[in-house]
Amino acid sequence: MENLSAKYGKTLNLDKLTSYCPGCGHGVVTRLVAEAIEELGIMERTIAIVGIGCGGFSHHYMDIDAIEATHGRAPSFALGYKLAMPENIVFTYAGDGDTCAIGLGDLLHAANKGMPITTIMVNNTVFGMTGGQMSPTTLVGQVTATTAKGRDTALQGYPLLVPEMMRSMEGVKFLARESVATPKAIRKAKRSIRKAFECQVRGLGYSFVEVVVPCPTGLKMRVRDSYARCANEMTDYFKPQVFRDETEQVDVA
Ligand SMILES: Cc1ncc(C[n+]2csc(CCOP(=O)(O)OP(=O)(O)O)c2C)c(N)n1
Ligand code: SF4
């Protein structure tokens, strides 16, 4: 079969249907990442380190090299890869469960090292792949497969605000939270993802983008309702913003 991606020089793999559920935010984020890589002309020297979860399939849809890391360890794999191949561009791509539950320690130490690697954390407030269990970013009161009466702060604490945790780290040079709730939000997310890669291309330091997305299946919601939730409850708590942008030498913090 003709390879359409190669024919048109596209990073996004045009020959494959994704395994993402209809309406899944991963589809949008995967596309934005592929577009950023393509626009920066770094396709030949970029490698994805994916975590475990639905985002672990993201590299199937991009014509770039990839490593599937063990659960939560993608940032550590990325550091090792960058030390060995500093001229290459390395990014991690995973959900909130992988990135900030089992992977929180690896994530924060990688960020604090300040090495030029990039992390994309796709936050849908649940463990999507395994059936919608509570994750560290599950909202207060949110019913999940493991919080039948809703997340209770007395028992499960508060939803983690990951970029806010990284604000004090000097080696973090681009830090943002975006969403895919609306077309305007998607355009902003695209800009931040591109800047995160640019930050690494220029060797400035660590870059991180959280993208708030719907998981209609894990939330047991219709696609339309899951996007409304993303535009309202989710982004009311996880406020989209650029916290720091040293690609412009501007500290917004
Ligand atoms: C060591 C280990 N523990 C647990 C699991 C089961 N598991 C697979 S994916 C996953 C979480 C996925 O959630 P998230 O990272 O939020 O990604 P999503 O599927 O929502 O995109 C878990 C707990 C595993 N594969 N390995
Ligand atoms: S379970 Fe959720 S995160 Fe996984 S593919 Fe389906 S909608 Fe996306």
# chains A, B, ... in the order shown; residues from 1 in each chain; ligands from 1

$ residues_near_ligand --ligand "ligand 2" --cutoff "6 Å" --atoms "only C-alpha atoms and all ligand atoms" --output "PyMOL selection string"
chain A and resi 20-21+24+26+54+128-129+215-218

$ write_last_selection --atoms "C-alpha atoms" --output "CSV table (one decimal), in the first residue's frame"
chain,number,residue,atom,x,y,z
A,20,TYR,CA,-8.6,6.1,20.4
A,21,CYS,CA,-12.4,6.1,21.2
A,24,CYS,CA,-11.0,11.1,22.9
A,26,HIS,CA,-5.7,12.1,22.8
A,54,CYS,CA,-4.2,5.1,26.0
A,128,GLY,CA,-8.8,5.8,30.9
A,129,MET,CA,-7.3,2.6,29.6
A,215,CYS,CA,-12.2,10.9,28.0
A,216,PRO,CA,-15.9,10.1,27.1
A,217,THR,CA,-15.5,6.4,27.7
A,218,GLY,CA,-13.8,6.5,31.1

$ residues_near_ligand --ligand "ligand 1" --cutoff "10 Å" --atoms "only C-alpha atoms and all ligand atoms" --output "ChimeraX atom specification"
/A:20,24-26,51-58,70-72,93-103,121-138,213-215,217-218

$ closest_residue --among "A:Asp106, A:Asp225, A:Asp236, A:Asp245" --to "Glu170 in chain A" --atoms "only C-alpha atoms"
A:Asp245

$ select_by_dssp --residues "range 80-141 of chain A" --states "strand (DSSP E)" --output "list in words"
Ile89, Val90, Phe91, Thr92, Tyr93, Ala94, Gly95, Thr118, Thr119, Ile120, Met121, Val122, Asn123, Val126, Phe127, Gln133 and Met134 of chain A

$ residues_around --residues "Leu175 in chain A" --least-positions-apart "3" --cutoff "8 Å" --atoms "only C-alpha atoms" --output "NGL selection string"
:A and (163 or 167 or 172 or 196 or 207-209 or 242-245)

$ select_by_dssp --residues "range 44-141 of chain A" --states "helix (DSSP H, G or I)" --output "VMD selection string"
chain A and resid 44 to 45 54 to 61 74 to 84 96 to 102 104 to 113

$ closest_atom_pairs --of "range 104-169 of chain A" --to "range 31-48 of chain A" --cutoff "10 Å" --atoms "only C-alpha atoms" --output "tab-separated table"
residue	atom	partner	partner_atom	distance
A:Thr118	CA	A:Ala48	CA	9.7
A:Thr119	CA	A:Ala48	CA	9.8
A:Ile120	CA	A:Val33	CA	8.8

$ write_last_selection --atoms "C-alpha atoms" --output "CSV table (one decimal), in the first residue's frame"
chain,number,residue,atom,x,y,z
A,118,THR,CA,9.9,17.9,26.8
A,119,THR,CA,6.9,16.4,28.7
A,120,ILE,CA,3.3,16.3,27.3

$ residues_around --residues "Gly205 in chain A" --least-positions-apart "4" --cutoff "9 Å" --atoms "only C-alpha atoms" --output "list of chain:residue names"
A:Ala111, A:Lys113, A:Gly114, A:Met115, A:Pro116, A:Ile117, A:Thr118, A:Gly171, A:Val172, A:Lys173, A:Phe174, A:Cys199, A:Gln200

$ closest_residue --among "A:Pro183, A:Asn13, A:Ile49, A:Leu108" --to "Gly80 in chain A" --atoms "only C-alpha atoms"
A:Ile49

$ closest_residue --among "A:Met85, A:Thr18, A:Gln241, A:Cys230" --to "Leu139 in chain A" --atoms "only C-alpha atoms"
A:Cys230

$ atom_distance --atom1 "CA of Pro22 in chain A" --atom2 "CA of Arg222 in chain A"
9.8 Å

$ closest_residue --among "A:Tyr227, A:Tyr237, A:Tyr158, A:Phe91" --to "Tyr206 in chain A" --atoms "only C-alpha atoms"
A:Phe91

$ closest_residue --among "A:Leu204, A:Val211, A:Val162, A:Ala74" --to "Ser192 in chain A" --atoms "only C-alpha atoms"
A:Val211

$ closest_residue --among "A:Gly157, A:Pro75, A:Gly27, A:Gly141" --to "Leu107 in chain A" --atoms "only C-alpha atoms"
A:Pro75

$ atom_distance --atom1 "CA of Lys149 in chain A" --atom2 "CA of Lys239 in chain A"
25.1 Å

$ decode --residues "range 31-157 of chain A" --atoms "C-alpha atoms" --output "CSV table (one decimal), in the first residue's frame"
chain,number,residue,atom,x,y,z
A,31,ARG,CA,-2.2,15.6,16.0
A,32,LEU,CA,-0.9,18.9,17.6
A,33,VAL,CA,2.3,17.2,18.6
A,34,ALA,CA,2.8,15.8,15.1
A,35,GLU,CA,2.2,19.2,13.6
A,36,ALA,CA,4.6,21.0,15.9
A,37,ILE,CA,7.4,18.4,15.1
A,38,GLU,CA,6.7,18.9,11.4
A,39,GLU,CA,6.6,22.7,11.5
A,40,LEU,CA,9.9,22.8,13.4
A,41,GLY,CA,11.5,20.4,10.8
A,42,ILE,CA,12.8,18.0,13.5
A,43,MET,CA,11.0,14.8,12.4
A,44,GLU,CA,14.2,13.0,11.5
A,45,ARG,CA,15.8,13.5,14.9
A,46,THR,CA,12.8,13.3,17.3
A,47,ILE,CA,11.9,10.4,19.5
A,48,ALA,CA,8.8,9.8,21.6
A,49,ILE,CA,9.0,8.1,24.9
A,50,VAL,CA,5.5,7.0,25.7
A,51,GLY,CA,4.0,5.9,29.0
A,52,ILE,CA,1.5,3.1,29.7
A,53,GLY,CA,-2.2,4.0,29.0
A,54,CYS,CA,-4.2,5.1,26.0
A,55,GLY,CA,-1.5,7.7,25.2
A,56,GLY,CA,1.0,4.8,24.8
A,57,PHE,CA,-0.5,4.3,21.3
A,58,SER,CA,0.3,7.9,20.2
A,59,HIS,CA,3.6,7.0,18.5
A,60,HIS,CA,1.7,4.5,16.2
A,61,TYR,CA,0.2,7.6,14.6
A,62,MET,CA,3.4,9.6,14.0
A,63,ASP,CA,6.3,8.7,11.7
A,64,ILE,CA,9.0,9.1,14.3
A,65,ASP,CA,11.1,6.8,16.4
A,66,ALA,CA,9.7,5.8,19.8
A,67,ILE,CA,10.3,3.8,23.0
A,68,GLU,CA,7.5,2.4,25.1
A,69,ALA,CA,8.7,3.1,28.7
A,70,THR,CA,7.6,1.1,31.8
A,71,HIS,CA,4.7,2.7,33.7
A,72,GLY,CA,5.5,6.2,34.9
A,73,ARG,CA,9.2,6.0,34.0
A,74,ALA,CA,9.1,7.9,30.7
A,75,PRO,CA,10.9,11.0,32.1
A,76,SER,CA,13.8,8.9,33.3
A,77,PHE,CA,14.0,7.1,30.0
A,78,ALA,CA,14.0,10.5,28.3
A,79,LEU,CA,16.9,11.8,30.5
A,80,GLY,CA,19.0,8.8,29.7
A,81,TYR,CA,18.3,9.1,26.0
A,82,LYS,CA,19.1,12.8,26.0
A,83,LEU,CA,22.4,12.3,27.8
A,84,ALA,CA,23.4,9.6,25.2
A,85,MET,CA,22.1,11.5,22.1
A,86,PRO,CA,22.0,15.2,23.0
A,87,GLU,CA,21.5,16.4,19.4
A,88,ASN,CA,18.2,14.5,19.2
A,89,ILE,CA,14.8,15.9,20.4
A,90,VAL,CA,13.1,13.7,23.0
A,91,PHE,CA,9.6,14.1,24.5
A,92,THR,CA,7.5,12.1,26.8
A,93,TYR,CA,3.8,11.6,26.1
A,94,ALA,CA,1.4,10.0,28.7
A,95,GLY,CA,-1.8,10.5,30.6
A,96,ASP,CA,-2.2,11.9,34.1
A,97,GLY,CA,-2.2,8.5,35.7
A,98,ASP,CA,1.1,7.5,34.2
A,99,THR,CA,2.7,11.0,34.6
A,100,CYS,CA,1.6,12.0,38.0
A,101,ALA,CA,0.5,8.9,39.9
A,102,ILE,CA,3.0,6.1,39.5
A,103,GLY,CA,5.4,8.5,37.7
A,104,LEU,CA,5.3,11.6,39.9
A,105,GLY,CA,8.8,11.0,41.4
A,106,ASP,CA,10.4,10.5,38.0
A,107,LEU,CA,8.6,13.5,36.6
A,108,LEU,CA,9.6,16.0,39.3
A,109,HIS,CA,13.2,14.9,39.4
A,110,ALA,CA,13.4,15.1,35.6
A,111,ALA,CA,11.9,18.6,35.7
A,112,ASN,CA,14.1,19.8,38.5
A,113,LYS,CA,17.3,18.6,36.6
A,114,GLY,CA,16.4,21.2,34.0
A,115,MET,CA,17.8,19.2,31.1
A,116,PRO,CA,16.3,20.0,27.7
A,117,ILE,CA,13.6,17.4,27.4
A,118,THR,CA,9.9,17.9,26.8
A,119,THR,CA,6.9,16.4,28.7
A,120,ILE,CA,3.3,16.3,27.3
A,121,MET,CA,0.9,15.2,30.0
A,122,VAL,CA,-2.6,14.5,28.8
A,123,ASN,CA,-5.0,15.1,31.7
A,124,ASN,CA,-8.4,13.5,31.4
A,125,THR,CA,-8.9,13.1,35.2
A,126,VAL,CA,-9.1,9.3,35.1
A,127,PHE,CA,-7.1,6.2,34.3
A,128,GLY,CA,-8.8,5.8,30.9
A,129,MET,CA,-7.3,2.6,29.6
A,130,THR,CA,-8.1,0.5,32.6
A,131,GLY,CA,-11.7,1.6,33.0
A,132,GLY,CA,-12.0,5.0,34.5
A,133,GLN,CA,-10.5,4.7,37.9
A,134,MET,CA,-9.5,7.7,40.1
A,135,SER,CA,-6.2,9.4,39.2
A,136,PRO,CA,-4.4,12.1,41.1
A,137,THR,CA,-6.2,14.7,39.0
A,138,THR,CA,-9.7,13.4,39.6
A,139,LEU,CA,-11.9,16.4,40.6
A,140,VAL,CA,-13.4,16.7,44.1
A,141,GLY,CA,-16.8,14.9,44.1
A,142,GLN,CA,-16.0,13.1,40.7
A,143,VAL,CA,-17.5,9.6,40.5
A,144,THR,CA,-15.1,7.1,39.1
A,145,ALA,CA,-14.8,3.3,39.1
A,146,THR,CA,-12.9,3.6,42.4
A,147,THR,CA,-14.8,6.5,44.0
A,148,ALA,CA,-18.4,5.4,43.9
A,149,LYS,CA,-19.5,8.3,46.0
A,150,GLY,CA,-17.2,10.9,44.4
A,151,ARG,CA,-13.7,11.9,45.3
A,152,ASP,CA,-13.7,12.8,49.0
A,153,THR,CA,-10.8,15.1,50.1
A,154,ALA,CA,-10.9,13.6,53.6
A,155,LEU,CA,-10.0,10.2,52.1
A,156,GLN,CA,-8.3,10.9,48.8
A,157,GLY,CA,-6.9,14.4,49.1
